[in-house]
>>> print(open('run.pdb').read())   # PDB, C-alpha atoms and all ligand atoms
ATOM      1  CA  MET A1292      10.929 -16.179 -18.815
ATOM      2  CA  SER A1293       8.298 -13.810 -20.101
ATOM      3  CA  ASN A1294       9.269 -10.162 -20.216
ATOM      4  CA  GLU A1295       5.837  -9.129 -18.956
ATOM      5  CA  LEU A1296       5.424  -8.195 -15.322
ATOM      6  CA  THR A1297       2.305  -8.836 -13.271
ATOM      7  CA  ILE A1298       0.240  -6.133 -11.592
ATOM      8  CA  LYS A1299       1.572  -7.444  -8.246
ATOM      9  CA  GLU A1300       5.202  -7.097  -9.392
ATOM     10  CA  PHE A1301       4.481  -3.633 -10.789
ATOM     11  CA  TYR A1302       2.863  -2.448  -7.546
ATOM     12  CA  GLU A1303       5.483  -4.010  -5.255
ATOM     13  CA  ALA A1304       8.349  -2.510  -7.272
ATOM     14  CA  ALA A1305       6.646   0.911  -7.165
ATOM     15  CA  CYS A1306       6.240   0.585  -3.377
ATOM     16  CA  GLN A1307       9.867  -0.516  -2.896
ATOM     17  CA  ALA A1308      11.123   2.410  -5.003
ATOM     18  CA  ALA A1309       8.962   4.862  -3.021
ATOM     19  CA  ILE A1310      10.443   3.585   0.263
ATOM     20  CA  GLU A1311      13.958   3.904  -1.171
ATOM     21  CA  THR A1312      13.352   7.521  -2.247
ATOM     22  CA  ASP A1313      11.348   8.551   0.839
ATOM     23  CA  PRO A1314      12.759  11.897   2.080
ATOM     24  CA  ARG A1315      12.667  10.550   5.668
ATOM     25  CA  GLY A1316      15.255   7.909   4.724
ATOM     26  CA  LYS A1317      14.610   4.199   4.239
ATOM     27  CA  ASP A1318      15.458   3.215   7.857
ATOM     28  CA  LYS A1319      12.796   5.485   9.315
ATOM     29  CA  VAL A1320      10.168   4.084   6.935
ATOM     30  CA  ILE A1321      11.079   0.471   7.766
ATOM     31  CA  LYS A1322      10.850   1.341  11.481
ATOM     32  CA  SER A1323       7.365   2.819  10.954
ATOM     33  CA  LEU A1324       6.290  -0.461   9.283
ATOM     34  CA  THR A1325       7.725  -2.504  12.168
ATOM     35  CA  ASP A1326       5.909  -0.262  14.694
ATOM     36  CA  ALA A1327       2.624  -0.676  12.779
ATOM     37  CA  LYS A1328       3.044  -4.466  12.838
ATOM     38  CA  LYS A1329       3.656  -4.464  16.601
ATOM     39  CA  GLU A1330       0.583  -2.322  17.142
ATOM     40  CA  TYR A1331      -1.541  -4.656  15.003
ATOM     41  CA  GLU A1332      -0.351  -7.705  16.932
ATOM     42  CA  LYS A1333      -1.178  -5.995  20.245
ATOM     43  CA  MET A1334      -4.702  -5.148  19.061
ATOM     44  CA  THR A1335      -7.320  -6.760  21.314
ATOM     45  CA  ASN A1336     -10.496  -5.268  19.864
ATOM     46  CA  GLU A1337     -11.658  -7.982  17.413
ATOM     47  CA  LYS A1338     -13.899  -5.623  15.441
ATOM     48  CA  LYS A1339     -11.019  -3.174  14.949
ATOM     49  CA  LYS A1340      -8.671  -6.011  14.008
ATOM     50  CA  LYS A1341     -11.121  -7.338  11.413
ATOM     51  CA  ASN A1342     -11.420  -3.919   9.748
ATOM     52  CA  PHE A1343      -7.671  -3.256   9.859
ATOM     53  CA  ASP A1344      -6.125  -2.624   6.428
ATOM     54  CA  LEU A1345      -3.364  -5.274   6.387
ATOM     55  CA  GLU A1346      -1.802  -3.580   3.372
ATOM     56  CA  THR A1347      -0.555  -0.815   5.699
ATOM     57  CA  LEU A1348       1.895  -3.328   7.192
ATOM     58  CA  LYS A1349       3.691  -3.601   3.835
ATOM     59  CA  ASN A1350       2.869  -0.304   2.138
ATOM     60  CA  PRO A1351       3.259   2.800   4.329
ATOM     61  CA  TYR A1352       1.505   5.071   1.803
ATOM     62  CA  ALA A1353      -2.289   5.100   2.311
ATOM     63  CA  ASP A1354      -2.812   7.049  -0.939
ATOM     64  CA  SER A1355      -1.298   4.390  -3.229
ATOM     65  CA  ARG A1356      -3.210   1.143  -3.721
ATOM     66  CA  ILE A1357      -4.461  -1.449  -6.204
ATOM     67  CA  LEU A1358      -8.170  -0.612  -6.391
ATOM     68  CA  TYR A1359      -9.523  -3.325  -8.692
ATOM     69  CA  GLY A1360      -8.305  -6.277 -10.743
ATOM     70  CA  ASP A1361      -6.485  -9.614 -10.677
ATOM     71  CA  ILE A1362      -3.010  -8.977  -9.229
ATOM     72  CA  ASN A1363      -1.592 -11.876 -11.262
ATOM     73  CA  LYS A1364      -2.636 -10.319 -14.560
ATOM     74  CA  LYS A1365       0.278  -9.710 -16.951
ATOM     75  CA  VAL A1366       1.010  -6.102 -17.888
ATOM     76  CA  SER A1367       2.640  -4.915 -21.092
ATOM     77  CA  LYS A1368       0.769  -1.644 -21.623
ATOM     78  CA  VAL A1369      -0.506   0.770 -18.978
ATOM     79  CA  ILE A1370      -2.539   3.936 -19.323
ATOM     80  CA  CYS A1371      -1.669   6.614 -16.768
ATOM     81  CA  GLY A1372      -3.187  10.000 -16.006
ATOM     82  CA  ILE A1373      -2.751  12.684 -13.358
ATOM     83  CA  ASP A1374      -6.482  12.275 -12.625
ATOM     84  CA  LEU A1375      -7.744   9.006 -14.058
ATOM     85  CA  GLU A1376     -11.424   8.724 -13.307
ATOM     86  CA  VAL A1377     -14.661   7.562 -14.950
ATOM     87  CA  GLY A1378     -14.007   9.549 -18.165
ATOM     88  CA  GLU A1379     -10.507   8.150 -18.621
ATOM     89  CA  LEU A1380     -11.700   4.623 -17.819
ATOM     90  CA  MET A1381     -14.311   5.010 -20.580
ATOM     91  CA  LEU A1382     -11.505   6.308 -22.834
ATOM     92  CA  THR A1383      -9.446   3.203 -21.983
ATOM     93  CA  ASP A1384     -12.374   0.959 -22.883
ATOM     94  CA  ARG A1385     -12.848   2.884 -26.172
ATOM     95  CA  LEU A1386      -9.126   2.604 -26.991
ATOM     96  CA  ASN A1387      -9.247  -1.132 -26.275
ATOM     97  CA  GLU A1388     -12.246  -1.434 -28.623
ATOM     98  CA  LYS A1389      -9.971   0.073 -31.257
ATOM     99  CA  GLY A1390      -7.349  -2.575 -30.449
ATOM    100  CA  ALA A1391      -5.050  -0.731 -27.997
ATOM    101  CA  ASN A1392      -4.709  -3.725 -25.611
ATOM    102  CA  ILE A1393      -4.240  -1.647 -22.442
ATOM    103  CA  ASP A1394      -3.871  -3.966 -19.419
ATOM    104  CA  PHE A1395      -3.771  -1.625 -16.447
ATOM    105  CA  ALA A1396      -5.068   1.904 -15.662
ATOM    106  CA  ILE A1397      -3.111   4.024 -13.160
ATOM    107  CA  ALA A1398      -4.361   7.264 -11.622
ATOM    108  CA  HIS A1399      -1.840   9.535  -9.920
ATOM    109  CA  HIS A1400      -4.222  11.350  -7.585
ATOM    110  CA  PRO A1401      -5.848   9.091  -4.975
ATOM    111  CA  GLU A1402      -9.098   7.337  -5.828
ATOM    112  CA  GLY A1403     -11.461   4.930  -4.060
ATOM    113  CA  SER A1404     -10.509   3.664  -0.618
ATOM    114  CA  ALA A1405      -7.063   5.263  -1.086
ATOM    115  CA  GLN A1406      -8.756   8.663  -1.422
ATOM    116  CA  ALA A1407     -11.050   8.145   1.574
ATOM    117  CA  ASN A1408      -8.109   8.001   3.992
ATOM    118  CA  PHE A1409      -5.309   9.537   1.945
ATOM    119  CA  TYR A1410      -4.669  11.998   4.783
ATOM    120  CA  ASP A1411      -3.083   9.058   6.701
ATOM    121  CA  VAL A1412       0.029   9.464   4.546
ATOM    122  CA  MET A1413       0.460  13.005   5.889
ATOM    123  CA  TYR A1414       1.980  11.676   9.129
ATOM    124  CA  MET A1415       5.268  11.463   7.214
ATOM    125  CA  GLN A1416       5.322  15.289   7.100
ATOM    126  CA  SER A1417       6.205  15.437  10.826
ATOM    127  CA  ASP A1418       9.598  13.866  10.163
ATOM    128  CA  ILE A1419      10.228  15.681   6.874
ATOM    129  CA  ILE A1420       9.532  19.098   8.451
ATOM    130  CA  ALA A1421      11.682  18.182  11.469
ATOM    131  CA  ASP A1422      14.548  17.320   9.089
ATOM    132  CA  TRP A1423      14.281  20.896   7.763
ATOM    133  CA  GLY A1424      15.103  22.152  11.261
ATOM    134  CA  VAL A1425      11.700  22.590  12.952
ATOM    135  CA  PRO A1426      11.490  20.967  16.429
ATOM    136  CA  ILE A1427       9.593  17.654  16.161
ATOM    137  CA  ASN A1428       6.965  18.681  18.752
ATOM    138  CA  LYS A1429       6.018  21.664  16.585
ATOM    139  CA  SER A1430       6.004  19.757  13.279
ATOM    140  CA  GLU A1431       4.038  16.890  14.831
ATOM    141  CA  GLY A1432       1.455  19.252  16.357
ATOM    142  CA  ALA A1433       0.950  21.152  13.094
ATOM    143  CA  THR A1434       0.743  17.916  11.062
ATOM    144  CA  LYS A1435      -1.887  16.372  13.355
ATOM    145  CA  LYS A1436      -4.000  19.525  13.119
ATOM    146  CA  ARG A1437      -3.800  19.600   9.322
ATOM    147  CA  MET A1438      -4.580  15.849   9.062
ATOM    148  CA  ALA A1439      -7.764  16.367  11.104
ATOM    149  CA  ASP A1440      -8.788  19.247   8.784
ATOM    150  CA  ILE A1441      -8.205  17.198   5.631
ATOM    151  CA  GLU A1442      -9.958  14.147   7.114
ATOM    152  CA  LYS A1443     -13.143  16.192   7.496
ATOM    153  CA  ARG A1444     -12.749  17.735   4.046
ATOM    154  CA  VAL A1445     -12.543  14.394   2.179
ATOM    155  CA  SER A1446     -15.118  12.496   4.241
ATOM    156  CA  SER A1447     -18.067  13.682   2.153
ATOM    157  CA  SER A1448     -16.640  12.775  -1.265
ATOM    158  CA  ASN A1449     -18.121  10.007  -3.427
ATOM    159  CA  HIS A1450     -14.784   8.222  -3.400
ATOM    160  CA  MET A1451     -15.777   4.831  -4.909
ATOM    161  CA  ARG A1452     -17.266   6.372  -8.063
ATOM    162  CA  SER A1453     -14.301   5.645 -10.354
ATOM    163  CA  VAL A1454     -13.636   2.215  -8.809
ATOM    164  CA  ASP A1455     -17.238   1.234  -9.537
ATOM    165  CA  ALA A1456     -16.687   2.186 -13.184
ATOM    166  CA  ALA A1457     -13.453   0.140 -13.328
ATOM    167  CA  LYS A1458     -15.344  -2.883 -11.964
ATOM    168  CA  LEU A1459     -18.204  -2.524 -14.458
ATOM    169  CA  LEU A1460     -15.762  -2.177 -17.368
ATOM    170  CA  ASP A1461     -13.452  -4.840 -15.854
ATOM    171  CA  ILE A1462     -10.320  -2.691 -16.143
ATOM    172  CA  ALA A1463      -7.488  -3.293 -13.641
ATOM    173  CA  TYR A1464      -7.123  -0.036 -11.735
ATOM    174  CA  ALA A1465      -4.725   1.491  -9.203
ATOM    175  CA  CYS A1466      -3.664   4.864  -7.865
ATOM    176  CA  MET A1467      -0.037   5.779  -7.157
ATOM    177  CA  HIS A1468       0.284   9.135  -5.424
ATOM    178  CA  THR A1469       3.066   9.259  -2.811
ATOM    179  CA  PHE A1470       4.620   6.347  -4.779
ATOM    180  CA  ALA A1471       5.471   9.020  -7.397
ATOM    181  CA  ASP A1472       5.704  12.184  -5.272
ATOM    182  CA  ASN A1473       8.624  10.758  -3.230
ATOM    183  CA  HIS A1474      10.634  10.540  -6.468
ATOM    184  CA  VAL A1475      10.123  14.156  -7.517
ATOM    185  CA  ALA A1476      10.817  15.471  -3.985
ATOM    186  CA  THR A1477      14.068  13.533  -3.644
ATOM    187  CA  PHE A1478      15.195  14.137  -7.234
ATOM    188  CA  LEU A1479      14.831  17.936  -6.924
ATOM    189  CA  THR A1480      16.327  17.991  -3.397
ATOM    190  CA  ASN A1481      19.413  16.108  -4.615
ATOM    191  CA  LEU A1482      19.690  18.397  -7.632
ATOM    192  CA  MET A1483      19.584  21.535  -5.449
ATOM    193  CA  GLU A1484      22.157  20.048  -3.063
ATOM    194  CA  GLU A1485      24.424  19.251  -5.985
ATOM    195  CA  LYS A1486      24.080  22.589  -7.844
ATOM    196  CA  LYS A1487      23.978  24.827  -4.729
ATOM    197  CA  PRO A1488      22.105  27.776  -6.312
ATOM    198  CA  GLU A1489      23.119  31.136  -4.847
ATOM    199  CA  LYS A1490      20.245  33.226  -6.182
ATOM    200  CA  VAL A1491      16.555  32.393  -6.576
ATOM    201  CA  SER A1492      16.919  32.951 -10.347
ATOM    202  CA  GLU A1493      19.383  30.027 -10.372
ATOM    203  CA  VAL A1494      16.828  27.830  -8.559
ATOM    204  CA  VAL A1495      14.335  28.640 -11.319
ATOM    205  CA  GLU A1496      16.947  27.970 -14.047
ATOM    206  CA  ILE A1497      17.718  24.526 -12.600
ATOM    207  CA  ILE A1498      14.003  23.630 -12.641
ATOM    208  CA  GLU A1499      13.639  25.014 -16.174
ATOM    209  CA  SER A1500      16.440  22.733 -17.382
ATOM    210  CA  ILE A1501      14.278  19.635 -16.697
ATOM    211  CA  GLU A1502      12.377  18.255 -19.684
ATOM    212  CA  GLU A1503       8.999  17.796 -17.972
ATOM    213  CA  PHE A1504       8.973  21.486 -16.931
ATOM    214  CA  GLN A1505       9.940  22.507 -20.474
ATOM    215  CA  MET A1506       6.962  20.514 -21.746
ATOM    216  CA  ALA A1507       4.692  22.241 -19.189
ATOM    217  CA  THR A1508       6.102  25.610 -20.307
ATOM    218  CA  THR A1509       5.047  24.966 -23.908
ATOM    219  CA  ASN A1510       1.517  24.533 -22.500
ATOM    220  CA  ASN A1511       1.795  28.017 -20.891
ATOM    221  CA  ASN A1512       2.358  26.483 -17.460
ATOM    222  CA  PRO A1513       5.989  27.417 -16.629
ATOM    223  CA  PRO A1514       7.635  27.470 -13.178
ATOM    224  CA  LYS A1515       6.728  30.753 -11.460
ATOM    225  CA  MET A1516       7.795  32.897  -8.517
ATOM    226  CA  PHE A1517       4.938  33.030  -5.992
ATOM    227  CA  ALA A1518       6.711  35.096  -3.307
ATOM    228  CA  GLY A1519      10.002  36.962  -3.001
ATOM    229  CA  SER A1520      12.066  37.861  -6.034
ATOM    230  CA  ASP A1521      14.306  35.996  -8.448
ATOM    231  CA  LYS A1522      17.036  38.554  -7.612
ATOM    232  CA  ASN A1523      17.027  37.478  -3.941
ATOM    233  CA  ARG A1524      19.632  35.185  -2.453
ATOM    234  CA  ALA A1525      18.174  31.665  -2.205
ATOM    235  CA  GLY A1526      19.535  30.774   1.251
ATOM    236  CA  LYS A1527      18.573  27.289   2.430
ATOM    237  CA  VAL A1528      16.482  25.666  -0.326
ATOM    238  CA  ILE A1529      13.904  22.979   0.453
ATOM    239  CA  VAL A1530      11.548  20.981  -1.796
ATOM    240  CA  ASP A1531       8.053  20.472  -0.387
ATOM    241  CA  MET A1532       6.420  18.025  -2.781
ATOM    242  CA  THR A1533       5.448  14.860  -0.945
ATOM    243  CA  GLY A1534       3.394  13.742   2.061
ATOM    244  CA  GLY A1535      -0.143  13.802   0.665
ATOM    245  CA  THR A1536      -0.867  17.511   0.519
ATOM    246  CA  THR A1537       0.398  20.933   1.642
ATOM    247  CA  ALA A1538       1.418  21.233   5.300
ATOM    248  CA  ASP A1539      -0.442  23.346   7.853
ATOM    249  CA  VAL A1540      -0.131  27.104   7.365
ATOM    250  CA  GLN A1541       1.650  27.419  10.758
ATOM    251  CA  VAL A1542       4.560  25.469   9.299
ATOM    252  CA  MET A1543       5.522  28.374   6.999
ATOM    253  CA  SER A1544       6.633  30.615   9.894
ATOM    254  CA  GLN A1545       8.238  27.609  11.626
ATOM    255  CA  LEU A1546      10.321  27.061   8.486
ATOM    256  CA  ALA A1547      11.393  30.714   8.432
ATOM    257  CA  ASN A1548      12.526  30.377  12.061
ATOM    258  CA  ALA A1549      14.395  27.179  11.125
ATOM    259  CA  GLY A1550      16.443  29.121   8.549
ATOM    260  CA  VAL A1551      14.672  28.197   5.299
ATOM    261  CA  GLY A1552      15.181  30.828   2.578
ATOM    262  CA  THR A1553      13.486  29.324  -0.462
ATOM    263  CA  ILE A1554      10.767  26.731  -0.796
ATOM    264  CA  ILE A1555      10.007  24.868  -4.023
ATOM    265  CA  VAL A1556       6.409  23.659  -4.297
ATOM    266  CA  MET A1557       4.037  22.112  -6.857
ATOM    267  CA  HIS A1558       1.208  24.393  -5.750
ATOM    268  CA  LEU A1559       0.449  26.502  -2.669
ATOM    269  CA  PRO A1560      -2.792  27.839  -1.145
ATOM    270  CA  GLU A1561      -2.985  31.647  -1.030
ATOM    271  CA  GLU A1562      -3.052  31.655   2.790
ATOM    272  CA  HIS A1563       0.276  29.785   2.839
ATOM    273  CA  ARG A1564       1.765  32.023   0.144
ATOM    274  CA  LYS A1565       0.946  35.151   2.133
ATOM    275  CA  GLU A1566       2.520  33.625   5.239
ATOM    276  CA  CYS A1567       5.726  32.944   3.263
ATOM    277  CA  GLU A1568       5.735  36.527   1.970
ATOM    278  CA  LYS A1569       5.314  37.850   5.517
ATOM    279  CA  ASN A1570       8.269  35.738   6.653
ATOM    280  CA  TYR A1571      10.506  36.647   3.654
ATOM    281  CA  ILE A1572      10.556  33.084   2.309
ATOM    282  CA  ASN A1573      10.996  32.957  -1.480
ATOM    283  CA  VAL A1574       8.481  30.627  -3.091
ATOM    284  CA  VAL A1575       9.202  28.970  -6.435
ATOM    285  CA  CYS A1576       6.153  27.165  -7.788
ATOM    286  CA  ALA A1577       7.553  24.549 -10.167
ATOM    287  CA  GLY A1578       4.041  23.761 -11.421
ATOM    288  CA  HIS A1579       1.636  20.980 -10.484
ATOM    289  CA  ILE A1580       1.454  19.017 -13.740
ATOM    290  CA  GLY A1581       5.188  19.256 -14.528
ATOM    291  CA  SER A1582       6.067  18.088 -11.009
ATOM    292  CA  ASP A1583       3.540  15.225 -10.957
ATOM    293  CA  SER A1584       4.739  14.126 -14.415
ATOM    294  CA  LEU A1585       8.408  14.133 -13.363
ATOM    295  CA  GLY A1586       7.519  12.024 -10.299
ATOM    296  CA  LEU A1587       5.574   9.489 -12.382
ATOM    297  CA  ASN A1588       8.262   9.262 -15.088
ATOM    298  CA  LEU A1589      10.927   8.620 -12.409
ATOM    299  CA  MET A1590       8.620   6.030 -10.808
ATOM    300  CA  PHE A1591       8.205   4.161 -14.118
ATOM    301  CA  LYS A1592      11.992   4.180 -14.569
ATOM    302  CA  ALA A1593      12.478   2.769 -11.056
ATOM    303  CA  ILE A1594       9.919  -0.029 -11.732
ATOM    304  CA  ARG A1595      11.779  -0.964 -14.941
ATOM    305  CA  ASP A1596      15.134  -0.900 -13.097
ATOM    306  CA  ILE A1597      13.880  -3.072 -10.209
ATOM    307  CA  THR A1598      11.938  -5.659 -12.239
ATOM    308  CA  LYS A1599      14.256  -5.613 -15.302
ATOM    309  CA  LYS A1600      11.033  -5.733 -17.314
ATOM    310  CA  ASP A1601       9.613  -3.212 -19.734
ATOM    311  CA  PHE A1602       6.116  -1.931 -20.414
ATOM    312  CA  GLU A1603       4.539   0.702 -22.593
ATOM    313  CA  VAL A1604       2.887   3.825 -21.122
ATOM    314  CA  VAL A1605      -0.082   5.544 -22.747
ATOM    315  CA  PRO A1606      -0.199   9.033 -21.188
ATOM    316  CA  CYS A1607      -3.566  10.721 -20.654
ATOM    317  CA  SER A1608      -5.212  13.303 -18.400
ATOM    318  CA  GLY A1609      -2.305  15.732 -18.326
ATOM    319  CA  LEU A1610       0.636  13.335 -17.874
ATOM    320  CA  LEU A1611       3.679  14.759 -19.698
ATOM    321  CA  TYR A1612       5.329  11.436 -20.456
ATOM    322  CA  ILE A1613       8.921  10.805 -21.408
ATOM    323  CA  LYS A1614      10.697   7.469 -21.037
ATOM    324  CA  ARG A1615      13.500   8.187 -18.562
TER     325      ARG A1615
HETATM  326 ZN    ZN A1701      -0.726  16.205  -7.816
END
>>> encode(input="run.pdb", output="structure tokens")
Amino acid sequence: MSNELTIKEFYEAACQAAIETDPRGKDKVIKSLTDAKKEYEKMTNEKKKKNFDLETLKNPYADSRILYGDINKKVSKVICGIDLEVGELMLTDRLNEKGANIDFAIAHHPEGSAQANFYDVMYMQSDIIADWGVPINKSEGATKKRMADIEKRVSSSNHMRSVDAAKLLDIAYACMHTFADNHVATFLTNLMEEKKPEKVSEVVEIIESIEEFQMATTNNNPPKMFAGSDKNRAGKVIVDMTGGTTADVQVMSQLANAGVGTIIVMHLPEEHRKECEKNYINVVCAGHIGSDSLGLNLMFKAIRDITKKDFEVVPCSGLLYIKR
């Protein structure tokens, strides 16, 4: 048997691993897929049924999709970037001209049709926030409001631009966003549960001990305190790093009421940061690129573990790659 995996195997293993590391727990994700299937079968509007994205019945993450290419193509070398767009696709073509033999280009941040409705993945935040102790009616209400805001914000973007370039250059192309973010969220949550940091400074030290964050630090992008103080007691620590994008600003005070003491994020809008400060929540910003890189590196490891097949990764566009 060849040791090369196909794009289909790569994508399906990445999806399986994302479901297994979903902070909501695998059972809840499987139930959401079963519910979606039932709803599709009940659909009577033919026009709606025709336009329905059947992929959502297998892959619950709207922001992670194969965007172009033959799914049966064999993959031995992928190029991956935090943002992999027209420039990086041109770079891939240039590298291949020089003999790089790259088979598959993977963007982390959503592109194409997966960018146009990426806000769909945010529904998972309702359950995640409820697991942190916020009543489900409140987390659901805040999530729906934020999803509607983001829907309007992304509707005007020229989302097929990079996919058009991939087609013209004939480069297999995908984006894997929540596929990777679930890994970093669960990895850091488990680490905090295991190490039980007492002070915020210990939370920062645990993050600093991880190689991807050390690499980001050498690029002058270390983990930083955004609110509170490293001398404060950490209290209940949560990791908010998956579910499409940052939750609604209302959620910050809901978390404080639910007993959250410290929140670890990749990035945080100023409005949210101020709300945390007002509610005495310590905010540790682990850093966007370090966090995205850790998620992707864990995702690649999971794909290798599931398929028992290896592939090479060419990092670009910010990805701090290490083979885990
Ligand atoms: Zn990101």
>>> closest_residue(input="run.pdb", among="A:Ala1398, A:Ile1580, A:Leu1587, A:Ala1525", to="ligand ZN 1701 (chain A)", atoms="all atoms listed in the file")
A:Ile1580
>>> atom_distance(input="run.pdb", atom1="atom CA of A:Gly1432", atom2="atom CA of A:Pro1314")
19.6 Å
>>> resolve_selection(input="run.pdb", expression="the PyMOL selection byres (((not hetatm)) within 10 of (chain A and resi 1701))", output="ChimeraX atom specification")
/A:1373-1374,1399-1401,1468-1469,1471-1472,1532-1533,1535-1536,1557-1558,1578-1584,1586
>>> write_last_selection(input="run.pdb", atoms="C-alpha atoms", output="compact mmCIF listing (two decimals), in the frame of the given file")
# COMPACT_ATOMS: atom_id res chain seq x y z
CA ILE A 1373 -2.75 12.68 -13.36
CA ASP A 1374 -6.48 12.28 -12.62
CA HIS A 1399 -1.84 9.54 -9.92
CA HIS A 1400 -4.22 11.35 -7.58
CA PRO A 1401 -5.85 9.09 -4.97
CA HIS A 1468 0.28 9.14 -5.42
CA THR A 1469 3.07 9.26 -2.81
CA ALA A 1471 5.47 9.02 -7.40
CA ASP A 1472 5.70 12.18 -5.27
CA MET A 1532 6.42 18.02 -2.78
CA THR A 1533 5.45 14.86 -0.94
CA GLY A 1535 -0.14 13.80 0.66
CA THR A 1536 -0.87 17.51 0.52
CA MET A 1557 4.04 22.11 -6.86
CA HIS A 1558 1.21 24.39 -5.75
CA GLY A 1578 4.04 23.76 -11.42
CA HIS A 1579 1.64 20.98 -10.48
CA ILE A 1580 1.45 19.02 -13.74
CA GLY A 1581 5.19 19.26 -14.53
CA SER A 1582 6.07 18.09 -11.01
CA ASP A 1583 3.54 15.22 -10.96
CA SER A 1584 4.74 14.13 -14.42
CA GLY A 1586 7.52 12.02 -10.30
>>> resolve_selection(input="run.pdb", expression="the PyMOL selection byres (((chain A and resi 1543-1550) around 6) and not hetatm)", output="PDB file with C-alpha atoms, in the frame of the given file")
ATOM      1  CA  GLY A1424      15.103  22.152  11.261  1.00  0.00           C
ATOM      2  CA  VAL A1425      11.700  22.590  12.952  1.00  0.00           C
ATOM      3  CA  VAL A1540      -0.131  27.104   7.365  1.00  0.00           C
ATOM      4  CA  GLN A1541       1.650  27.419  10.758  1.00  0.00           C
ATOM      5  CA  VAL A1542       4.560  25.469   9.299  1.00  0.00           C
ATOM      6  CA  VAL A1551      14.672  28.197   5.299  1.00  0.00           C
ATOM      7  CA  CYS A1567       5.726  32.944   3.263  1.00  0.00           C
TER       8      CYS A1567
END
>>> resolve_selection(input="run.pdb", expression="the PyMOL selection byres (((chain A and resi 1387-1393) around 8) and not hetatm)", output="PyMOL selection string")
chain A and resi 1367-1370+1383-1386+1394-1396
>>> residues_around(input="run.pdb", residues="A:Thr1434", least_positions_apart="6", cutoff="7 Å", atoms="all atoms listed in the file", output="list of chain:residue names")
A:Tyr1414, A:Gln1416, A:Ser1417, A:Ala1538, A:Asp1539
>>> closest_atom_pairs(input="run.pdb", of="stretch 1516-1600 of chain A", to="stretch 1488-1498 of chain A", cutoff="7 Å", atoms="all atoms listed in the file", output="JSON lines")
{"residue": "A:Asp1521", "atom": "CA", "partner": "A:Ser1492", "partner_atom": "CA", "distance": 4.4}
{"residue": "A:Lys1522", "atom": "CA", "partner": "A:Ser1492", "partner_atom": "CA", "distance": 6.2}
{"residue": "A:Asn1523", "atom": "CA", "partner": "A:Val1491", "partner_atom": "CA", "distance": 5.7}
{"residue": "A:Arg1524", "atom": "CA", "partner": "A:Lys1490", "partner_atom": "CA", "distance": 4.3}
{"residue": "A:Ala1525", "atom": "CA", "partner": "A:Val1491", "partner_atom": "CA", "distance": 4.7}
{"residue": "A:Ala1577", "atom": "CA", "partner": "A:Ile1498", "partner_atom": "CA", "distance": 7.0}
>>> residues_near_point(input="run.pdb", point="(-15.9, 13.0, 2.1)", cutoff="12 Å", atoms="only C-alpha atoms", output="MDAnalysis selection string")
chainID A and resid 1402:1404 1406:1410 1440:1451
>>> closest_residue(input="run.pdb", among="A:Arg1437, A:Arg1315, A:Lys1299, A:Lys1341", to="A:Ile1357", atoms="all atoms listed in the file")
A:Lys1299
>>> atom_distance(input="run.pdb", atom1="atom CA of A:Cys1306", atom2="atom CA of A:Asp1361")
17.9 Å
>>> closest_residue(input="run.pdb", among="A:Lys1364, A:Thr1508, A:Val1412, A:Val1528", to="A:Leu1611", atoms="all atoms listed in the file")
A:Thr1508
>>> closest_residue(input="run.pdb", among="A:Val1574, A:Val1377, A:Leu1482, A:Leu1345", to="A:Pro1560", atoms="all atoms listed in the file")
A:Val1574
>>> axis_aligned_box(input="run.pdb", around="stretch 1310-1318 of chain A", padding_each_side="5 Å", output="lines of an AutoDock Vina configuration file")
center_x = 13.0
center_y = 7.6
center_z = 2.8
size_x = 15.0
size_y = 18.7
size_z = 20.1
>>> closest_residue(input="run.pdb", among="A:Val1454, A:Met1467, A:Ile1420, A:Cys1576", to="A:Tyr1302", atoms="only C-alpha atoms")
A:Met1467
>>> closest_residue(input="run.pdb", among="A:Lys1328, A:Lys1340, A:Arg1564, A:Arg1452", to="A:Glu1376", atoms="only C-alpha atoms")
A:Arg1452
>>> residues_near_point(input="run.pdb", point="(12.8, 3.8, -4.3)", cutoff="10 Å", atoms="all atoms listed in the file", output="VMD selection string")
chain A and resid 1304 to 1313 1317 1470 to 1471 1473 to 1474 1477 1589 to 1590 1593 to 1594 1597
>>> write_last_selection(input="run.pdb", atoms="C-alpha atoms", output="CSV table (one decimal), in the frame of the given file")
chain,number,residue,atom,x,y,z
A,1304,ALA,CA,8.3,-2.5,-7.3
A,1305,ALA,CA,6.6,0.9,-7.2
A,1306,CYS,CA,6.2,0.6,-3.4
A,1307,GLN,CA,9.9,-0.5,-2.9
A,1308,ALA,CA,11.1,2.4,-5.0
A,1309,ALA,CA,9.0,4.9,-3.0
A,1310,ILE,CA,10.4,3.6,0.3
A,1311,GLU,CA,14.0,3.9,-1.2
A,1312,THR,CA,13.4,7.5,-2.2
A,1313,ASP,CA,11.3,8.6,0.8
A,1317,LYS,CA,14.6,4.2,4.2
A,1470,PHE,CA,4.6,6.3,-4.8
A,1471,ALA,CA,5.5,9.0,-7.4
A,1473,ASN,CA,8.6,10.8,-3.2
A,1474,HIS,CA,10.6,10.5,-6.5
A,1477,THR,CA,14.1,13.5,-3.6
A,1589,LEU,CA,10.9,8.6,-12.4
A,1590,MET,CA,8.6,6.0,-10.8
A,1593,ALA,CA,12.5,2.8,-11.1
A,1594,ILE,CA,9.9,0.0,-11.7
A,1597,ILE,CA,13.9,-3.1,-10.2
>>> atom_distance(input="run.pdb", atom1="atom CA of A:Phe1602", atom2="atom CA of A:Asn1294")
8.8 Å
